[in-house]
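Trainee: Below is the file my_file.cif, which contains mmCIF, C-alpha atoms and all ligand atoms.
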data_target
loop_
_atom_site.label_atom_id
_atom_site.label_comp_id
_atom_site.auth_asym_id
_atom_site.auth_seq_id
_atom_site.Cartn_x
_atom_site.Cartn_y
_atom_site.Cartn_z
CA MET B 30 -128.39 -17.01 4.51
CA THR B 31 -126.35 -16.01 1.44
CA ASN B 32 -123.66 -13.32 1.62
CA TYR B 33 -122.98 -10.95 -1.27
CA SER B 34 -120.43 -8.15 -1.25
CA ASN B 35 -122.80 -5.44 -0.06
CA TYR B 36 -125.72 -7.34 1.44
CA THR B 37 -127.02 -10.61 2.76
CA ILE B 38 -130.05 -12.47 1.47
CA ARG B 39 -132.03 -13.75 4.43
CA ALA B 40 -135.54 -14.73 5.43
CA LEU B 41 -137.68 -11.78 6.54
CA GLU B 42 -140.75 -11.44 8.67
CA SER B 43 -143.77 -10.19 6.73
CA HIS B 44 -143.66 -6.73 8.35
CA GLU B 45 -140.04 -6.23 7.24
CA THR B 46 -141.09 -6.28 3.57
CA ILE B 47 -143.65 -3.48 3.80
CA ALA B 48 -141.46 -0.37 3.51
CA VAL B 49 -139.76 -1.55 0.30
CA ARG B 50 -143.07 -2.77 -1.14
CA GLN B 51 -144.57 0.67 -0.59
CA LEU B 52 -141.59 2.65 -1.92
CA VAL B 53 -141.15 0.56 -5.05
CA LEU B 54 -144.50 -1.03 -5.84
CA ARG B 55 -147.21 1.14 -4.27
CA PRO B 56 -145.68 4.64 -3.95
CA ASN B 57 -149.02 6.42 -4.22
CA GLN B 58 -151.04 4.04 -2.12
CA PRO B 59 -151.58 3.70 1.61
CA ILE B 60 -149.56 1.23 3.65
CA GLU B 61 -152.61 -1.04 3.91
CA ALA B 62 -152.31 -1.67 0.15
CA CYS B 63 -148.88 -3.22 0.80
CA HIS B 64 -150.22 -6.05 2.97
CA PHE B 65 -151.35 -9.11 1.03
CA VAL B 66 -153.72 -11.93 1.89
CA GLY B 67 -151.52 -14.85 2.93
CA ASP B 68 -148.58 -12.76 4.12
CA GLU B 69 -148.82 -14.28 7.58
CA ALA B 70 -149.63 -17.85 6.49
CA ALA B 71 -147.35 -20.50 7.94
CA ASP B 72 -146.27 -21.73 4.51
CA THR B 73 -145.55 -18.25 3.09
CA PHE B 74 -141.92 -17.25 2.88
CA HIS B 75 -140.35 -13.82 2.53
CA PHE B 76 -136.78 -13.03 1.59
CA GLY B 77 -134.87 -9.78 1.73
CA ALA B 78 -131.55 -8.32 0.69
CA VAL B 79 -130.25 -6.63 3.82
CA THR B 80 -127.15 -4.41 4.07
CA SER B 81 -124.68 -4.69 6.93
CA ALA B 82 -126.30 -1.54 8.33
CA GLY B 83 -129.60 -3.44 8.49
CA GLU B 84 -131.31 -1.64 5.61
CA VAL B 85 -133.68 -3.81 3.59
CA ILE B 86 -132.95 -2.96 -0.06
CA GLY B 87 -134.92 -5.70 -1.81
CA VAL B 88 -137.79 -8.05 -1.00
CA SER B 89 -139.73 -10.99 -2.41
CA THR B 90 -142.58 -13.15 -1.15
CA VAL B 91 -143.74 -16.63 -2.11
CA LEU B 92 -147.25 -17.81 -1.25
CA CYS B 93 -148.60 -21.34 -1.44
CA CYS B 94 -151.68 -21.72 -3.66
CA HIS B 95 -153.83 -24.60 -2.56
CA GLU B 96 -155.98 -24.63 -5.65
CA SER B 97 -155.11 -24.62 -9.31
CA ARG B 98 -155.17 -21.03 -10.54
CA TYR B 99 -154.27 -21.67 -14.16
CA GLN B 100 -155.26 -24.68 -16.22
CA GLN B 101 -151.88 -24.60 -17.94
CA PHE B 102 -150.33 -25.69 -14.66
CA SER B 103 -151.20 -29.30 -13.94
CA SER B 104 -150.16 -29.30 -10.32
CA GLN B 105 -152.78 -28.51 -7.69
CA ARG B 106 -150.08 -27.12 -5.44
CA GLN B 107 -148.53 -24.03 -6.92
CA LEU B 108 -146.46 -21.23 -5.51
CA GLN B 109 -147.07 -17.59 -6.34
CA LEU B 110 -144.15 -15.19 -6.36
CA ARG B 111 -145.30 -11.72 -5.28
CA ALA B 112 -143.97 -8.28 -4.50
CA MET B 113 -140.50 -8.65 -5.97
CA ALA B 114 -138.98 -5.22 -5.46
CA VAL B 115 -135.53 -3.64 -5.24
CA LEU B 116 -134.97 -0.03 -4.14
CA PRO B 117 -134.20 2.19 -7.17
CA ASP B 118 -130.60 2.95 -6.09
CA PHE B 119 -129.83 -0.77 -5.99
CA GLN B 120 -131.56 -1.92 -9.18
CA ARG B 121 -129.65 -3.51 -12.08
CA GLN B 122 -126.88 -4.71 -9.76
CA GLY B 123 -127.91 -8.34 -9.43
CA THR B 124 -130.03 -8.02 -6.27
CA GLY B 125 -133.32 -9.02 -7.92
CA LYS B 126 -131.64 -12.02 -9.53
CA ALA B 127 -130.20 -13.09 -6.17
CA LEU B 128 -133.64 -12.81 -4.54
CA LEU B 129 -135.34 -14.71 -7.36
CA ASN B 130 -132.74 -17.49 -7.18
CA VAL B 131 -133.20 -17.88 -3.43
CA CYS B 132 -136.99 -18.06 -3.92
CA LEU B 133 -136.61 -20.71 -6.63
CA LYS B 134 -134.20 -22.71 -4.45
CA GLU B 135 -136.57 -22.59 -1.47
CA ALA B 136 -139.58 -23.34 -3.71
CA ALA B 137 -137.85 -26.45 -5.05
CA LYS B 138 -137.78 -27.86 -1.51
CA ARG B 139 -141.58 -27.62 -1.22
CA ASP B 140 -144.04 -30.17 -2.50
CA CYS B 141 -144.99 -27.90 -5.38
CA LYS B 142 -144.47 -28.20 -9.11
CA THR B 143 -144.87 -24.67 -10.43
CA LEU B 144 -143.92 -21.18 -9.38
CA TRP B 145 -145.83 -18.41 -11.14
CA CYS B 146 -146.24 -14.67 -10.89
CA ASN B 147 -148.16 -11.78 -12.33
CA ALA B 148 -145.22 -9.96 -13.87
CA ARG B 149 -145.38 -6.28 -14.66
CA SER B 150 -144.80 -5.97 -18.39
CA SER B 151 -141.79 -3.74 -17.60
CA ALA B 152 -140.24 -6.61 -15.65
CA VAL B 153 -140.93 -9.46 -18.10
CA ASP B 154 -137.35 -9.47 -19.40
CA PHE B 155 -136.02 -9.72 -15.85
CA TYR B 156 -138.09 -12.86 -15.24
CA LEU B 157 -137.19 -14.31 -18.65
CA LYS B 158 -133.53 -13.94 -17.72
CA GLY B 159 -134.35 -15.66 -14.42
CA GLY B 160 -135.67 -18.72 -16.27
CA LEU B 161 -139.43 -18.05 -16.19
CA SER B 162 -141.64 -18.29 -19.27
CA ILE B 163 -144.68 -16.30 -20.36
CA VAL B 164 -148.00 -18.18 -20.30
CA ASN B 165 -149.24 -16.16 -23.26
CA GLU B 166 -148.48 -12.88 -24.97
CA ASP B 167 -151.73 -11.21 -23.92
CA ALA B 168 -151.17 -8.67 -21.20
CA PHE B 169 -153.88 -8.03 -18.63
CA GLU B 170 -154.39 -4.89 -16.59
CA ILE B 171 -154.14 -4.64 -12.83
CA GLU B 172 -155.98 -1.46 -11.91
CA GLY B 173 -153.68 1.27 -10.65
CA VAL B 174 -150.55 -0.73 -11.46
CA GLY B 175 -150.55 -1.37 -15.21
CA PRO B 176 -150.19 -4.24 -17.70
CA HIS B 177 -149.02 -7.66 -16.51
CA HIS B 178 -148.22 -11.08 -17.95
CA VAL B 179 -148.59 -14.38 -16.15
CA MET B 180 -145.17 -16.04 -16.03
CA PHE B 181 -144.09 -19.38 -14.58
CA LYS B 182 -141.34 -21.87 -13.99
CA HIS B 183 -141.81 -25.59 -13.49
CA LEU B 184 -139.70 -26.39 -10.45
CA ASP B 185 -138.26 -29.60 -11.83
CA ASP B 186 -137.09 -27.90 -15.06
C1 LIG I 1 -137.67 -5.92 -11.50
C2 LIG I 1 -136.63 -5.85 -10.36
C3 LIG I 1 -137.15 -6.64 -9.16
C4 LIG I 1 -135.33 -6.47 -10.85
O1 LIG I 1 -134.36 -6.38 -9.83
P1 LIG I 1 -132.87 -5.86 -10.19
O2 LIG I 1 -132.05 -5.99 -8.98
O3 LIG I 1 -133.01 -4.50 -10.80
O4 LIG I 1 -132.46 -6.90 -11.31
P2 LIG I 1 -131.01 -7.59 -11.55
O5 LIG I 1 -129.98 -6.51 -11.51
O6 LIG I 1 -130.85 -8.72 -10.64
O7 LIG I 1 -131.21 -8.07 -13.05
C5 LIG I 1 -130.99 -9.40 -13.49
C6 LIG I 1 -130.99 -9.35 -15.00
O8 LIG I 1 -132.26 -8.86 -15.47
C7 LIG I 1 -132.09 -7.63 -16.21
N1 LIG I 1 -133.17 -6.74 -15.84
C8 LIG I 1 -133.51 -6.33 -14.60
N2 LIG I 1 -134.59 -5.55 -14.64
C9 LIG I 1 -134.95 -5.48 -15.95
C10 LIG I 1 -136.00 -4.82 -16.63
N3 LIG I 1 -136.91 -4.09 -15.98
N4 LIG I 1 -136.06 -4.96 -17.98
C11 LIG I 1 -135.15 -5.70 -18.65
N5 LIG I 1 -134.12 -6.36 -18.05
C12 LIG I 1 -134.04 -6.25 -16.70
C13 LIG I 1 -130.74 -7.08 -15.77
O9 LIG I 1 -130.19 -6.24 -16.73
C14 LIG I 1 -129.95 -8.37 -15.56
O10 LIG I 1 -129.53 -8.87 -16.81
P3 LIG I 1 -128.11 -9.63 -16.98
O11 LIG I 1 -128.21 -10.86 -16.09
O12 LIG I 1 -128.05 -9.92 -18.42
O13 LIG I 1 -127.08 -8.66 -16.48
C15 LIG I 1 -136.35 -4.38 -9.94
O14 LIG I 1 -135.77 -3.68 -11.02
C16 LIG I 1 -137.55 -3.62 -9.44
O15 LIG I 1 -137.83 -3.64 -8.25
N6 LIG I 1 -138.28 -2.97 -10.37
C17 LIG I 1 -139.43 -2.16 -10.00
C18 LIG I 1 -140.56 -3.00 -9.41
C19 LIG I 1 -140.97 -4.14 -10.29
O16 LIG I 1 -141.20 -3.99 -11.47
N7 LIG I 1 -141.05 -5.34 -9.66
C20 LIG I 1 -141.52 -6.52 -10.33
C21 LIG I 1 -142.98 -6.62 -10.07
S1 LIG I 1 -143.70 -7.96 -11.01
#
Before anything else, please render the file you have as structure tokens.
Ligand SMILES: CC(C)(COP(=O)(O)OP(=O)(O)OC[C@H]1O[C@@H](n2cnc3c(N)ncnc32)[C@H](O)[C@@H]1OP(=O)(O)O)[C@@H](O)C(=O)NCCC(=O)NCCS

Mentor:
Amino acid sequence: MTNYSNYTIRALESHETIAVRQLVLRPNQPIEACHFVGDEAADTFHFGAVTSAGEVIGVSTVLCCHESRYQQFSSQRQLQLRAMAVLPDFQRQGTGKALLNVCLKEAAKRDCKTLWCNARSSAVDFYLKGGLSIVNEDAFEIEGVGPHHVMFKHLDD
């Protein structure tokens, strides 16, 4: 658990991430669209920024990939960062960075070499500042969400 002035970063249960995911990432979609395959897997971890009043203001999820998803990544065991989201009133105040850092720290403890994500193009600069790199400049479309770039960080960098 890491304490910041207005909130604590702590591990969450899968169900505790859903409200923020829906508000920030899937505002026009049903709650079912906010549950992901692997959410409940034993090796999945979720983190949240939680105020002293118990409000979850930011979330992130890391899933273990047991097969190589991208040839650029040599390791067979990769981690996928998903559903990074901070409530609008709390954005640009360091919360996303704190969540990303906790995910990277936890990921480094696993037997995995690479953390990657499908980054919304609007969030690419956030991930670049967090130390991730773009696989290539070509964006791809996720239907109903918009353009994305694959981004990654080698965990021993
Ligand atoms: C992207 C998101 C998770 C970032 O969280 P945040 O709390 O707003 O980010 P932080 O305040 O920790 O920002 C860390 C740094 O990245 C920068 N940054 C954050 N979001 C940015 C953005 N969209 N574009 C450019 N820079 C950004 C900040 O200015 C800050 O820079 P600094 O270290 O030079 O001061 C959050 O804005 C969000 O939920 N956005 C909407 C949903 C989304 O796009 N999620 C990502 C899905 S892939």

Trainee: 10 Å from ligand LIG 1 (chain I) is the threshold here; counting all atoms listed in the file, which polymer residues fall inside it? Answer as a compact mmCIF listing (two decimals) with C-alpha atoms, keeping the file's coordinate frame.

Mentor:
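This went into pocket_20.txt:
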# COMPACT_ATOMS: atom_id res chain seq x y z
CA VAL B 49 -139.76 -1.55 0.30
CA ARG B 50 -143.07 -2.77 -1.14
CA LEU B 52 -141.59 2.65 -1.92
CA VAL B 53 -141.15 0.56 -5.05
CA LEU B 54 -144.50 -1.03 -5.84
CA ARG B 55 -147.21 1.14 -4.27
CA ALA B 78 -131.55 -8.32 0.69
CA ILE B 86 -132.95 -2.96 -0.06
CA GLY B 87 -134.92 -5.70 -1.81
CA VAL B 88 -137.79 -8.05 -1.00
CA SER B 89 -139.73 -10.99 -2.41
CA LEU B 110 -144.15 -15.19 -6.36
CA ARG B 111 -145.30 -11.72 -5.28
CA ALA B 112 -143.97 -8.28 -4.50
CA MET B 113 -140.50 -8.65 -5.97
CA ALA B 114 -138.98 -5.22 -5.46
CA VAL B 115 -135.53 -3.64 -5.24
CA LEU B 116 -134.97 -0.03 -4.14
CA PRO B 117 -134.20 2.19 -7.17
CA ASP B 118 -130.60 2.95 -6.09
CA PHE B 119 -129.83 -0.77 -5.99
CA GLN B 120 -131.56 -1.92 -9.18
CA ARG B 121 -129.65 -3.51 -12.08
CA GLN B 122 -126.88 -4.71 -9.76
CA GLY B 123 -127.91 -8.34 -9.43
CA THR B 124 -130.03 -8.02 -6.27
CA GLY B 125 -133.32 -9.02 -7.92
CA LYS B 126 -131.64 -12.02 -9.53
CA ALA B 127 -130.20 -13.09 -6.17
CA LEU B 128 -133.64 -12.81 -4.54
CA LEU B 129 -135.34 -14.71 -7.36
CA ASN B 130 -132.74 -17.49 -7.18
CA CYS B 146 -146.24 -14.67 -10.89
CA ASN B 147 -148.16 -11.78 -12.33
CA ALA B 148 -145.22 -9.96 -13.87
CA ARG B 149 -145.38 -6.28 -14.66
CA SER B 150 -144.80 -5.97 -18.39
CA SER B 151 -141.79 -3.74 -17.60
CA ALA B 152 -140.24 -6.61 -15.65
CA VAL B 153 -140.93 -9.46 -18.10
CA ASP B 154 -137.35 -9.47 -19.40
CA PHE B 155 -136.02 -9.72 -15.85
CA TYR B 156 -138.09 -12.86 -15.24
CA LEU B 157 -137.19 -14.31 -18.65
CA LYS B 158 -133.53 -13.94 -17.72
CA GLY B 159 -134.35 -15.66 -14.42
CA VAL B 174 -150.55 -0.73 -11.46
CA HIS B 177 -149.02 -7.66 -16.51
CA HIS B 178 -148.22 -11.08 -17.95
CA VAL B 179 -148.59 -14.38 -16.15
CA MET B 180 -145.17 -16.04 -16.03

Trainee: Rank nothing, just name the residue among B:Asn165, B:Gln109, B:Asn35, B:Thr143 nearest to Asp72 in chain B, using only C-alpha atoms.

Mentor: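 Nearest to Asp72 in chain B: B:Gln109.
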
Trainee: What is the CA of Val131 in chain B-CA of Asn57 in chain B distance in Å, reported with one decimal?

Mentor: 29.0 Å

Trainee: Please, what is the axis-aligned box for every listed atom of range 124-132 of chain B with 5 Å on each side, as centre and edge lengths in Å to one decimal, as JSON?

Mentor:
{"center_x": -133.5, "center_y": -13.0, "center_z": -6.5, "size_x": 17.0, "size_y": 20.0, "size_z": 16.1}

Trainee: With distances taken over all atoms listed in the file, which of B:Ile38, B:Val79, B:Cys132, B:Ala71 is nearest to Val91 in chain B?

Mentor: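 Comparing B:Ile38, B:Val79, B:Cys132, B:Ala71 against Val91 in chain B, the winner is B:Cys132.
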
Trainee: Counting all atoms listed in the file, figure out which residue out of B:Asp140, B:Asp185, B:Glu61, B:Glu172 gets nearest to Cys93 in chain B.

Mentor: B:Asp140

Trainee: Go ahead and compute the interatomic distance for CA of Val85 in chain B and CA of Asp68 in chain B, in Å to one decimal.

Mentor: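 That distance, rounded to one decimal, is 17.4 Å.
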
Trainee: Would you list the contacts of Glu42 in chain B as a PDB file with C-alpha atoms, keeping the file's coordinate frame, taking every protein, DNA or RNA residue within 10 Å and counting only C-alpha atoms, but skipping same-chain residues closer than 6 positions in sequence?

Mentor:
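New file around-v6.pdb:
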ATOM      1  CA  ASP B  68    -148.580 -12.760   4.120  1.00  0.00           C
ATOM      2  CA  GLU B  69    -148.820 -14.280   7.580  1.00  0.00           C
ATOM      3  CA  PHE B  74    -141.920 -17.250   2.880  1.00  0.00           C
ATOM      4  CA  HIS B  75    -140.350 -13.820   2.530  1.00  0.00           C
ATOM      5  CA  PHE B  76    -136.780 -13.030   1.590  1.00  0.00           C
ATOM      6  CA  GLY B  77    -134.870  -9.780   1.730  1.00  0.00           C
TER       7      GLY B  77
END

Trainee: Could you jot down the CA of Arg106 in chain B to CA of Phe181 in chain B separation for me, Å, one decimal place?

Mentor: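 For CA of Arg106 in chain B relative to CA of Phe181 in chain B, the distance reads 13.4 Å.
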
Trainee: Compare B:Ala168, B:His64, B:Leu133, B:Ser81 by their minimum atom-to-atom distance to Gln51 in chain B, counting all atoms listed in the file, and give me the closest one.

Mentor: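 The answer is B:His64, which sits nearest to Gln51 in chain B.
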
Trainee: Keeping C-alpha atoms (and nothing else), can you write range 160-172 of chain B of this structure as a PDB file, in the first residue's frame?

Mentor:
ATOM      1  CA  GLY B 160       8.711   4.947 -19.684  1.00  0.00           C
ATOM      2  CA  LEU B 161       6.842   2.860 -22.280  1.00  0.00           C
ATOM      3  CA  SER B 162       7.736   2.869 -25.974  1.00  0.00           C
ATOM      4  CA  ILE B 163       5.596   2.602 -29.098  1.00  0.00           C
ATOM      5  CA  VAL B 164       5.958  -0.641 -31.082  1.00  0.00           C
ATOM      6  CA  ASN B 165       5.295   1.220 -34.315  1.00  0.00           C
ATOM      7  CA  GLU B 166       3.692   4.446 -35.444  1.00  0.00           C
ATOM      8  CA  ASP B 167       0.725   2.767 -37.131  1.00  0.00           C
ATOM      9  CA  ALA B 168      -2.433   3.180 -35.125  1.00  0.00           C
ATOM     10  CA  PHE B 169      -5.094   0.485 -35.219  1.00  0.00           C
ATOM     11  CA  GLU B 170      -8.775   0.901 -34.505  1.00  0.00           C
ATOM     12  CA  ILE B 171     -10.667  -0.718 -31.669  1.00  0.00           C
ATOM     13  CA  GLU B 172     -14.318  -0.558 -32.675  1.00  0.00           C
TER      14      GLU B 172
END
